[in-house]
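A.B. asks: I am sharing start15.pdb, which consists of PDB, C-alpha atoms, pLDDT in the B column:
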ATOM      1  CA  ILE A 186     -43.011  65.246 -47.787  1.00 55.00           C
ATOM      2  CA  LEU A 187     -45.611  62.573 -48.560  1.00 64.00           C
ATOM      3  CA  ASP A 188     -44.504  62.614 -52.213  1.00 63.00           C
ATOM      4  CA  ASP A 189     -40.910  61.894 -51.112  1.00 67.00           C
ATOM      5  CA  ILE A 190     -42.109  58.690 -49.443  1.00 76.00           C
ATOM      6  CA  LYS A 191     -44.637  57.688 -52.101  1.00 80.00           C
ATOM      7  CA  GLN A 192     -42.274  57.752 -55.086  1.00 80.00           C
ATOM      8  CA  PRO A 193     -39.631  55.279 -53.841  1.00 82.00           C
ATOM      9  CA  TYR A 194     -42.329  52.996 -52.452  1.00 85.00           C
ATOM     10  CA  SER A 195     -44.214  53.035 -55.761  1.00 85.00           C
ATOM     11  CA  ALA A 196     -40.956  52.332 -57.618  1.00 85.00           C
ATOM     12  CA  LYS A 197     -40.410  49.243 -55.465  1.00 87.00           C
ATOM     13  CA  ILE A 198     -43.979  48.145 -56.183  1.00 89.00           C
ATOM     14  CA  ALA A 199     -43.340  48.596 -59.910  1.00 88.00           C
ATOM     15  CA  VAL A 200     -40.199  46.456 -59.749  1.00 88.00           C
ATOM     16  CA  HIS A 201     -42.083  43.797 -57.786  1.00 88.00           C
ATOM     17  CA  GLU A 202     -45.075  43.753 -60.133  1.00 91.00           C
ATOM     18  CA  GLY A 203     -42.857  43.362 -63.180  1.00 91.00           C
ATOM     19  CA  ARG A 204     -41.918  39.780 -62.261  1.00 89.00           C
ATOM     20  CA  ILE A 205     -40.006  37.847 -64.963  1.00 93.00           C
ATOM     21  CA  LEU A 206     -41.679  38.939 -68.214  1.00 92.00           C
ATOM     22  CA  GLY A 207     -43.448  42.133 -67.112  1.00 93.00           C
ATOM     23  CA  LYS A 208     -46.962  43.377 -67.725  1.00 94.00           C
ATOM     24  CA  GLY A 209     -46.374  44.217 -71.366  1.00 92.00           C
ATOM     25  CA  SER A 210     -45.777  47.437 -73.201  1.00 91.00           C
ATOM     26  CA  GLY A 211     -48.194  50.147 -72.093  1.00 89.00           C
ATOM     27  CA  ASN A 212     -49.719  48.111 -69.253  1.00 91.00           C
ATOM     28  CA  SER A 213     -47.867  49.757 -66.360  1.00 88.00           C
ATOM     29  CA  THR A 214     -50.026  50.874 -63.435  1.00 88.00           C
ATOM     30  CA  GLN A 215     -47.408  52.716 -61.370  1.00 86.00           C
ATOM     31  CA  LYS A 216     -46.831  55.315 -64.082  1.00 85.00           C
ATOM     32  CA  TYR A 217     -50.056  56.921 -62.899  1.00 85.00           C
ATOM     33  CA  VAL A 218     -48.909  56.968 -59.269  1.00 83.00           C
ATOM     34  CA  VAL A 219     -45.290  58.161 -59.537  1.00 78.00           C
ATOM     35  CA  SER A 220     -45.143  61.796 -60.622  1.00 75.00           C
ATOM     36  CA  ASN A 221     -41.706  61.675 -62.285  1.00 75.00           C
ATOM     37  CA  ILE A 222     -41.498  58.108 -63.559  1.00 79.00           C
ATOM     38  CA  TYR A 223     -39.997  59.115 -66.924  1.00 82.00           C
ATOM     39  CA  GLY A 224     -37.082  60.814 -65.197  1.00 83.00           C
ATOM     40  CA  ASP A 225     -36.065  59.618 -61.753  1.00 85.00           C
ATOM     41  CA  TYR A 226     -37.737  56.180 -61.848  1.00 89.00           C
ATOM     42  CA  MET A 227     -37.340  55.040 -65.432  1.00 92.00           C
ATOM     43  CA  PHE A 228     -35.710  51.720 -64.567  1.00 94.00           C
ATOM     44  CA  SER A 229     -38.620  50.690 -62.348  1.00 92.00           C
ATOM     45  CA  PHE A 230     -40.967  51.584 -65.207  1.00 92.00           C
ATOM     46  CA  ILE A 231     -38.935  49.415 -67.610  1.00 94.00           C
ATOM     47  CA  VAL A 232     -38.945  46.494 -65.164  1.00 94.00           C
ATOM     48  CA  GLU A 233     -42.693  46.801 -64.599  1.00 93.00           C
ATOM     49  CA  GLU A 234     -43.470  46.733 -68.312  1.00 94.00           C
ATOM     50  CA  TYR A 235     -40.753  44.371 -69.578  1.00 95.00           C
ATOM     51  CA  GLY A 236     -39.965  42.410 -66.435  1.00 95.00           C
ATOM     52  CA  LEU A 237     -36.712  41.152 -65.041  1.00 95.00           C
ATOM     53  CA  LEU A 238     -35.532  40.241 -68.532  1.00 96.00           C
ATOM     54  CA  GLY A 239     -35.960  43.847 -69.722  1.00 96.00           C
ATOM     55  CA  GLY A 240     -34.094  45.123 -66.659  1.00 96.00           C
ATOM     56  CA  ILE A 241     -31.255  42.664 -67.229  1.00 97.00           C
ATOM     57  CA  LEU A 242     -31.083  43.747 -70.880  1.00 97.00           C
ATOM     58  CA  VAL A 243     -30.657  47.386 -69.815  1.00 97.00           C
ATOM     59  CA  ILE A 244     -27.916  46.384 -67.362  1.00 97.00           C
ATOM     60  CA  ILE A 245     -26.151  44.317 -70.044  1.00 98.00           C
ATOM     61  CA  LEU A 246     -26.229  47.282 -72.437  1.00 97.00           C
ATOM     62  CA  PHE A 247     -24.580  49.584 -69.898  1.00 97.00           C
ATOM     63  CA  VAL A 248     -21.966  46.974 -68.949  1.00 97.00           C
ATOM     64  CA  SER A 249     -21.177  46.451 -72.647  1.00 97.00           C
ATOM     65  CA  LEU A 250     -20.814  50.219 -72.993  1.00 96.00           C
ATOM     66  CA  LEU A 251     -18.225  50.165 -70.201  1.00 97.00           C
ATOM     67  CA  ALA A 252     -16.436  47.212 -71.805  1.00 97.00           C
ATOM     68  CA  ARG A 253     -16.372  48.897 -75.193  1.00 96.00           C
ATOM     69  CA  GLY A 254     -15.077  52.097 -73.591  1.00 96.00           C
ATOM     70  CA  SER A 255     -12.214  50.178 -72.008  1.00 96.00           C
ATOM     71  CA  MET A 256     -11.404  48.565 -75.373  1.00 95.00           C
ATOM     72  CA  ILE A 257     -11.284  52.008 -77.008  1.00 95.00           C
ATOM     73  CA  ALA A 258      -9.086  53.319 -74.189  1.00 95.00           C
ATOM     74  CA  ARG A 259      -6.616  50.472 -74.741  1.00 94.00           C
ATOM     75  CA  LEU A 260      -6.347  51.383 -78.435  1.00 92.00           C
ATOM     76  CA  CYS A 261      -5.366  54.975 -77.654  1.00 93.00           C
ATOM     77  CA  SER A 262      -1.695  55.887 -77.657  1.00 90.00           C
ATOM     78  CA  ASN A 263      -2.264  59.271 -76.011  1.00 91.00           C
ATOM     79  CA  ASP A 264      -2.648  59.271 -72.214  1.00 95.00           C
ATOM     80  CA  PHE A 265      -5.201  62.095 -72.273  1.00 95.00           C
ATOM     81  CA  ALA A 266      -7.385  60.155 -74.721  1.00 96.00           C
ATOM     82  CA  LYS A 267      -7.198  57.048 -72.522  1.00 96.00           C
ATOM     83  CA  ILE A 268      -8.254  59.005 -69.441  1.00 97.00           C
ATOM     84  CA  ALA A 269     -11.013  60.851 -71.315  1.00 97.00           C
ATOM     85  CA  VAL A 270     -12.574  57.703 -72.782  1.00 97.00           C
ATOM     86  CA  GLY A 271     -12.225  55.772 -69.536  1.00 97.00           C
ATOM     87  CA  GLY A 272     -13.622  58.607 -67.454  1.00 97.00           C
ATOM     88  CA  LEU A 273     -16.593  59.263 -69.724  1.00 97.00           C
ATOM     89  CA  SER A 274     -17.408  55.547 -69.903  1.00 97.00           C
ATOM     90  CA  ILE A 275     -17.266  55.258 -66.126  1.00 97.00           C
ATOM     91  CA  LEU A 276     -19.351  58.432 -65.753  1.00 96.00           C
ATOM     92  CA  ILE A 277     -22.147  57.131 -67.982  1.00 96.00           C
ATOM     93  CA  THR A 278     -22.160  53.630 -66.524  1.00 97.00           C
ATOM     94  CA  GLY A 279     -21.816  54.908 -62.957  1.00 96.00           C
ATOM     95  CA  GLN A 280     -24.813  57.182 -63.327  1.00 95.00           C
ATOM     96  CA  ALA A 281     -26.817  54.332 -64.847  1.00 96.00           C
ATOM     97  CA  PHE A 282     -26.032  52.040 -61.924  1.00 96.00           C
ATOM     98  CA  MET A 283     -26.734  54.820 -59.419  1.00 95.00           C
ATOM     99  CA  HIS A 284     -30.155  55.227 -61.037  1.00 94.00           C
ATOM    100  CA  ILE A 285     -30.755  51.461 -60.928  1.00 95.00           C
ATOM    101  CA  PHE A 286     -29.703  51.230 -57.269  1.00 94.00           C
ATOM    102  CA  VAL A 287     -32.103  54.033 -56.318  1.00 91.00           C
ATOM    103  CA  ASN A 288     -34.953  52.357 -58.199  1.00 90.00           C
ATOM    104  CA  VAL A 289     -34.537  48.989 -56.513  1.00 88.00           C
ATOM    105  CA  GLY A 290     -34.079  50.580 -53.086  1.00 86.00           C
ATOM    106  CA  ILE A 291     -30.365  49.936 -52.557  1.00 89.00           C
ATOM    107  CA  GLY A 292     -29.118  53.516 -52.784  1.00 86.00           C
ATOM    108  CA  PRO A 293     -30.288  56.911 -51.543  1.00 86.00           C
ATOM    109  CA  MET A 294     -32.587  59.090 -53.668  1.00 83.00           C
ATOM    110  CA  THR A 295     -30.347  61.185 -55.897  1.00 84.00           C
ATOM    111  CA  GLY A 296     -32.511  62.337 -58.797  1.00 83.00           C
ATOM    112  CA  GLN A 297     -30.117  60.852 -61.356  1.00 88.00           C
ATOM    113  CA  THR A 298     -31.640  60.031 -64.719  1.00 90.00           C
ATOM    114  CA  LEU A 299     -30.981  56.806 -66.616  1.00 93.00           C
ATOM    115  CA  PRO A 300     -28.532  57.898 -69.339  1.00 93.00           C
ATOM    116  CA  LEU A 301     -30.016  58.083 -72.849  1.00 90.00           C
ATOM    117  CA  ILE A 302     -33.308  56.540 -71.687  1.00 91.00           C
ATOM    118  CA  SER A 303     -34.859  58.857 -69.088  1.00 89.00           C
ATOM    119  CA  ASP A 304     -36.544  62.130 -69.890  1.00 83.00           C
ATOM    120  CA  GLY A 305     -33.846  64.588 -68.934  1.00 78.00           C
ATOM    121  CA  SER A 306     -33.229  67.123 -71.684  1.00 82.00           C
ATOM    122  CA  PHE A 307     -29.980  68.670 -70.417  1.00 90.00           C
ATOM    123  CA  ALA A 308     -28.600  65.320 -69.227  1.00 88.00           C
ATOM    124  CA  PHE A 309     -29.432  63.832 -72.623  1.00 89.00           C
ATOM    125  CA  ILE A 310     -27.484  66.587 -74.396  1.00 92.00           C
ATOM    126  CA  VAL A 311     -24.490  66.124 -72.077  1.00 93.00           C
ATOM    127  CA  PHE A 312     -24.441  62.352 -72.646  1.00 94.00           C
ATOM    128  CA  CYS A 313     -24.716  62.821 -76.403  1.00 93.00           C
ATOM    129  CA  ILE A 314     -21.672  65.111 -76.244  1.00 96.00           C
ATOM    130  CA  ALA A 315     -19.853  62.484 -74.142  1.00 96.00           C
ATOM    131  CA  PHE A 316     -20.653  59.793 -76.715  1.00 95.00           C
ATOM    132  CA  GLY A 317     -19.464  62.114 -79.481  1.00 96.00           C
ATOM    133  CA  ILE A 318     -16.132  62.588 -77.707  1.00 97.00           C
ATOM    134  CA  ILE A 319     -15.742  58.835 -77.205  1.00 97.00           C
ATOM    135  CA  LEU A 320     -16.549  58.104 -80.860  1.00 96.00           C
ATOM    136  CA  SER A 321     -14.200  60.839 -82.063  1.00 96.00           C
ATOM    137  CA  ILE A 322     -11.321  59.504 -79.981  1.00 96.00           C
ATOM    138  CA  SER A 323     -12.122  55.985 -81.221  1.00 96.00           C
ATOM    139  CA  ARG A 324     -11.971  57.132 -84.836  1.00 96.00           C
ATOM    140  CA  ILE A 325      -8.673  58.963 -84.283  1.00 94.00           C
ATOM    141  CA  ALA A 326      -7.162  55.897 -82.564  1.00 93.00           C
ATOM    142  CA  ARG A 327      -8.352  53.612 -85.360  1.00 93.00           C
ATOM    143  CA  ASN A 328      -6.854  55.923 -88.010  1.00 93.00           C
ATOM    144  CA  GLN A 329      -3.519  56.046 -86.150  1.00 91.00           C
ATOM    145  CA  ILE A 330      -3.406  52.243 -85.975  1.00 89.00           C
ATOM    146  CA  ARG A 331      -4.229  51.994 -89.694  1.00 91.00           C
ATOM    147  CA  GLU A 332      -1.465  54.495 -90.559  1.00 90.00           C
ATOM    148  CA  GLU A 333       1.044  52.557 -88.443  1.00 87.00           C
ATOM    149  CA  GLU A 334       0.073  49.302 -90.167  1.00 85.00           C
ATOM    150  CA  GLU A 335       0.411  50.885 -93.608  1.00 85.00           C
ATOM    151  CA  ALA A 336       3.818  52.318 -92.692  1.00 82.00           C
ATOM    152  CA  ALA A 337       4.970  48.889 -91.506  1.00 79.00           C
ATOM    153  CA  ALA A 338       3.588  47.009 -94.532  1.00 64.00           C
ATOM    154  CA  PRO A 339       6.522  47.707 -96.919  1.00 65.00           C
ATOM    155  CA  LEU A 340       8.927  46.230 -94.373  1.00 55.00           C
ATOM    156  CA  TYR A 341       7.057  42.950 -94.470  1.00 54.00           C
ATOM    157  CA  GLU A 342       6.898  42.896 -98.264  1.00 57.00           C
ATOM    158  CA  SER A 343      10.637  43.502 -98.599  1.00 56.00           C
ATOM    159  CA  ASP A 344      11.303  40.615 -96.210  1.00 54.00           C
ATOM    160  CA  LYS A 345       9.223  38.340 -98.455  1.00 56.00           C
ATOM    161  CA  ASP A 346      11.205  39.440-101.519  1.00 55.00           C
ATOM    162  CA  ASP A 347      14.507  38.722 -99.750  1.00 56.00           C
ATOM    163  CA  ILE A 348      13.334  35.257 -98.733  1.00 59.00           C
ATOM    164  CA  GLN A 349      12.208  34.405-102.271  1.00 61.00           C
ATOM    165  CA  ALA A 350      15.474  35.659-103.773  1.00 58.00           C
ATOM    166  CA  THR A 351      17.578  33.255-101.726  1.00 57.00           C
TER     167      THR A 351
END
So that I can check it, write out the structure of this file as structure tokens.
C.D. replies:
Amino acid sequence: ILDDIKQPYSAKIAVHEGRILGKGSGNSTQKYVVSNIYGDYMFSFIVEEYGLLGGILVIILFVSLLARGSMIARLCSNDFAKIAVGGLSILITGQAFMHIFVNVGIGPMTGQTLPLISDGSFAFIVFCIAFGIILSISRIARNQIREEEEAAAPLYESDKDDIQAT
């Protein structure tokens, strides 16, 4: 039970000690105190070593992932593809923000890893599969748009010929 109290407290200390620019790569002290820092408390480790700027960079990357997922979903003509891309993007970003909230003391301890960064072998495999699905749907949507543009291209060329003939 003492370990349950020590880990979140040490994570808050790590976030506090990171300040603006952090302690530098490899200079973290809380990694020796927290038993599972590479899994459940990865964001606090990043903030301690790279500071507030490193933490903001991680947040920006996950927000851009959500934005890119919504752009891909808008390109899809199939409703299932839209829901799949949107849902997977929200799943990945939601888990990232749940992890961040736990690390800064806003949310309850959940044991969620930081997607694609934390040491979680099965979670890493699942998120790689999710990214593969998103990229596959993106490629299919892009190919459909290209085929539609190519099919519409002769109509535009024939209009140009009619205008020049008159």
A.B. asks: Which residue is closest to Gly271 of chain A? Choose from A:Ala336, A:Ile310, A:Met294, A:Leu251 and count all atoms listed in the file.
C.D. replies: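 Checking each of A:Ala336, A:Ile310, A:Met294, A:Leu251 against Gly271 of chain A, counting all atoms listed in the file, the winner is A:Leu251.
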A.B. asks: Could you work out how far atom CA of Ile244 of chain A lies from atom CA of Met227 of chain A, giving the answer in Å with one decimal?
C.D. replies: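 If I compute the distance from atom CA of Met227 of chain A to atom CA of Ile244 of chain A, I get 12.9 Å.
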A.B. asks: Around all of segment 246-261 of chain A's listed atoms, make the axis-aligned box with 5 Å on each side and tell me centre and edge lengths in Å to one decimal, as JSON.
C.D. replies:
{"center_x": -15.8, "center_y": 50.7, "center_z": -73.7, "size_x": 30.9, "size_y": 18.5, "size_z": 19.5}
A.B. asks: In Å to one decimal, how far is atom CA of Gly290 of chain A from atom CA of Tyr226 of chain A?
C.D. replies: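 One can read the atom CA of Tyr226 of chain A to atom CA of Gly290 of chain A distance as 11.0 Å.
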A.B. asks: Could you list, as an mmCIF file with C-alpha atoms, in the frame of the given file, every residue matched by the PyMOL selection byres ((chain A and resi 237-240) around 7) in this structure?
C.D. replies:
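Output below, filename part.cif:
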data_model
loop_
_atom_site.group_PDB
_atom_site.id
_atom_site.type_symbol
_atom_site.label_atom_id
_atom_site.label_comp_id
_atom_site.auth_asym_id
_atom_site.auth_seq_id
_atom_site.Cartn_x
_atom_site.Cartn_y
_atom_site.Cartn_z
ATOM 1 C CA GLY A 203 -42.857 43.362 -63.180
ATOM 2 C CA ARG A 204 -41.918 39.780 -62.261
ATOM 3 C CA ILE A 205 -40.006 37.847 -64.963
ATOM 4 C CA LEU A 206 -41.679 38.939 -68.214
ATOM 5 C CA ILE A 231 -38.935 49.415 -67.610
ATOM 6 C CA VAL A 232 -38.945 46.494 -65.164
ATOM 7 C CA TYR A 235 -40.753 44.371 -69.578
ATOM 8 C CA GLY A 236 -39.965 42.410 -66.435
ATOM 9 C CA ILE A 241 -31.255 42.664 -67.229
ATOM 10 C CA LEU A 242 -31.083 43.747 -70.880
ATOM 11 C CA VAL A 243 -30.657 47.386 -69.815
ATOM 12 C CA ILE A 244 -27.916 46.384 -67.362
#
A.B. asks: With a distance cut-off of 6 Å and all atoms listed in the file, select the neighbouring residues of segment 299-305 of chain A, excluding the residue or stretch itself and same-chain residues fewer than 2 positions from it, and output the selection as a list in words.
C.D. replies: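 The residues that qualify are Tyr223, Gly224, Met227, Ala281, His284, Phe307, Ala308 and Phe309 of chain A.
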A.B. asks: Identify, on the basis of only C-alpha atoms, every residue whose closest approach to Ser323 of chain A does not exceed 9 Å; exclude the query and any residue fewer than 2 positions from it along the same chain; express the result as a ChimeraX atom specification.
C.D. replies: /A:257-258,260-261,270,318-321,325-328
A.B. asks: Could you write out that same residue set with C-alpha atoms as a CSV table (one decimal), keeping the file's coordinate frame?
C.D. replies:
chain,number,residue,atom,x,y,z
A,257,ILE,CA,-11.3,52.0,-77.0
A,258,ALA,CA,-9.1,53.3,-74.2
A,260,LEU,CA,-6.3,51.4,-78.4
A,261,CYS,CA,-5.4,55.0,-77.7
A,270,VAL,CA,-12.6,57.7,-72.8
A,318,ILE,CA,-16.1,62.6,-77.7
A,319,ILE,CA,-15.7,58.8,-77.2
A,320,LEU,CA,-16.5,58.1,-80.9
A,321,SER,CA,-14.2,60.8,-82.1
A,325,ILE,CA,-8.7,59.0,-84.3
A,326,ALA,CA,-7.2,55.9,-82.6
A,327,ARG,CA,-8.4,53.6,-85.4
A,328,ASN,CA,-6.9,55.9,-88.0
A.B. asks: For a quick check of understanding, using all atoms listed in the file, which of A:Ile198, A:Arg331, A:Ala315, A:Ile322 has the smallest distance to Asn263 of chain A?
C.D. replies: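 Ranked by minimum distance to Asn263 of chain A, first place goes to A:Ile322.
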A.B. asks: Go through the shown structure with the PyMOL selection byres ((chain A and resi 279) around 12) and write out the matching residues as an MDAnalysis selection string.
C.D. replies: chainID A and resid 244 247:248 250:251 271:278 280:286 297:300
A.B. asks: Quick one: distance from atom CA of Gly254 of chain A to atom CA of Ile268 of chain A in Å, one decimal?
C.D. replies: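 Value for the atom CA of Gly254 of chain A-atom CA of Ile268 of chain A distance: 10.6 Å.
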A.B. asks: Between A:Ser229, A:Ser306, A:Gln329, A:Asn212, single out the one closest to Ala199 of chain A, counting all atoms listed in the file.
C.D. replies: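 That would be A:Ser229, the residue with the smallest distance to Ala199 of chain A.
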A.B. asks: Excluding Tyr217 of chain A and its own-chain neighbours fewer than 2 positions away, which residues fall within 12 Å of it when counting all atoms listed in the file? Please give them as a PyMOL selection string.
C.D. replies: chain A and resi 192+195-196+199+211-215+219-223+230
A.B. asks: Would you mind telling me which residue in A:Val289, A:Ala337, A:Ile190, A:Ile330 lies nearest to Ser262 of chain A when using all atoms listed in the file?
C.D. replies: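 The shortest atom-to-atom distance to Ser262 of chain A comes from A:Ile330.
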A.B. asks: Which residue out of A:Glu333, A:Glu233, A:Ser255, A:Leu246 has the minimum interatomic distance to His201 of chain A when all atoms listed in the file are used?
C.D. replies: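 Among the listed residues, the smallest separation from His201 of chain A belongs to A:Glu233.
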A.B. asks: Where atoms are missing, can you supply N, CA and C atoms for segment 296-315 of chain A and output the lot as a PDB file, in the coordinates of the input?
C.D. replies:
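What ended up in selection_13.pdb:
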ATOM      1  N   GLY A 296     -31.953  61.595 -57.669  1.00 83.00           N
ATOM      2  CA  GLY A 296     -32.511  62.337 -58.797  1.00 83.00           C
ATOM      3  C   GLY A 296     -31.735  62.149 -60.081  1.00 83.00           C
ATOM      4  N   GLN A 297     -30.891  61.132 -60.148  1.00 88.00           N
ATOM      5  CA  GLN A 297     -30.117  60.852 -61.356  1.00 88.00           C
ATOM      6  C   GLN A 297     -31.015  60.206 -62.404  1.00 88.00           C
ATOM      7  N   THR A 298     -30.877  60.638 -63.638  1.00 90.00           N
ATOM      8  CA  THR A 298     -31.640  60.031 -64.719  1.00 90.00           C
ATOM      9  C   THR A 298     -30.888  58.823 -65.256  1.00 90.00           C
ATOM     10  N   LEU A 299     -31.603  57.953 -65.956  1.00 93.00           N
ATOM     11  CA  LEU A 299     -30.981  56.806 -66.616  1.00 93.00           C
ATOM     12  C   LEU A 299     -30.442  57.309 -67.953  1.00 93.00           C
ATOM     13  N   PRO A 300     -29.127  57.293 -68.147  1.00 93.00           N
ATOM     14  CA  PRO A 300     -28.532  57.898 -69.339  1.00 93.00           C
ATOM     15  C   PRO A 300     -29.130  57.371 -70.641  1.00 93.00           C
ATOM     16  N   LEU A 301     -29.480  58.309 -71.505  1.00 90.00           N
ATOM     17  CA  LEU A 301     -30.016  58.083 -72.849  1.00 90.00           C
ATOM     18  C   LEU A 301     -31.383  57.409 -72.875  1.00 90.00           C
ATOM     19  N   ILE A 302     -31.990  57.162 -71.722  1.00 91.00           N
ATOM     20  CA  ILE A 302     -33.308  56.540 -71.687  1.00 91.00           C
ATOM     21  C   ILE A 302     -34.310  57.445 -70.990  1.00 91.00           C
ATOM     22  N   SER A 303     -33.945  58.004 -69.854  1.00 89.00           N
ATOM     23  CA  SER A 303     -34.859  58.857 -69.088  1.00 89.00           C
ATOM     24  C   SER A 303     -35.113  60.183 -69.788  1.00 89.00           C
ATOM     25  N   ASP A 304     -36.185  60.831 -69.363  1.00 83.00           N
ATOM     26  CA  ASP A 304     -36.544  62.130 -69.890  1.00 83.00           C
ATOM     27  C   ASP A 304     -35.814  63.209 -69.104  1.00 83.00           C
ATOM     28  N   GLY A 305     -34.638  63.528 -69.547  1.00 78.00           N
ATOM     29  CA  GLY A 305     -33.846  64.588 -68.934  1.00 78.00           C
ATOM     30  C   GLY A 305     -33.160  65.334 -70.055  1.00 78.00           C
ATOM     31  N   SER A 306     -33.693  66.470 -70.463  1.00 82.00           N
ATOM     32  CA  SER A 306     -33.229  67.123 -71.684  1.00 82.00           C
ATOM     33  C   SER A 306     -31.761  67.560 -71.597  1.00 82.00           C
ATOM     34  N   PHE A 307     -31.363  68.223 -70.521  1.00 90.00           N
ATOM     35  CA  PHE A 307     -29.980  68.670 -70.417  1.00 90.00           C
ATOM     36  C   PHE A 307     -29.039  67.490 -70.236  1.00 90.00           C
ATOM     37  N   ALA A 308     -29.431  66.517 -69.416  1.00 88.00           N
ATOM     38  CA  ALA A 308     -28.600  65.320 -69.227  1.00 88.00           C
ATOM     39  C   ALA A 308     -28.445  64.567 -70.542  1.00 88.00           C
ATOM     40  N   PHE A 309     -29.499  64.512 -71.332  1.00 89.00           N
ATOM     41  CA  PHE A 309     -29.432  63.832 -72.623  1.00 89.00           C
ATOM     42  C   PHE A 309     -28.421  64.513 -73.537  1.00 89.00           C
ATOM     43  N   ILE A 310     -28.431  65.835 -73.562  1.00 92.00           N
ATOM     44  CA  ILE A 310     -27.484  66.587 -74.396  1.00 92.00           C
ATOM     45  C   ILE A 310     -26.050  66.341 -73.927  1.00 92.00           C
ATOM     46  N   VAL A 311     -25.830  66.344 -72.618  1.00 93.00           N
ATOM     47  CA  VAL A 311     -24.490  66.124 -72.077  1.00 93.00           C
ATOM     48  C   VAL A 311     -23.994  64.720 -72.429  1.00 93.00           C
ATOM     49  N   PHE A 312     -24.866  63.718 -72.317  1.00 94.00           N
ATOM     50  CA  PHE A 312     -24.441  62.352 -72.646  1.00 94.00           C
ATOM     51  C   PHE A 312     -24.224  62.168 -74.144  1.00 94.00           C
ATOM     52  N   CYS A 313     -24.976  62.868 -74.966  1.00 93.00           N
ATOM     53  CA  CYS A 313     -24.716  62.821 -76.403  1.00 93.00           C
ATOM     54  C   CYS A 313     -23.353  63.427 -76.729  1.00 93.00           C
ATOM     55  N   ILE A 314     -23.000  64.511 -76.059  1.00 96.00           N
ATOM     56  CA  ILE A 314     -21.672  65.111 -76.244  1.00 96.00           C
ATOM     57  C   ILE A 314     -20.589  64.141 -75.780  1.00 96.00           C
ATOM     58  N   ALA A 315     -20.830  63.468 -74.642  1.00 96.00           N
ATOM     59  CA  ALA A 315     -19.853  62.484 -74.142  1.00 96.00           C
ATOM     60  C   ALA A 315     -19.668  61.344 -75.136  1.00 96.00           C
TER      61      ALA A 315
END
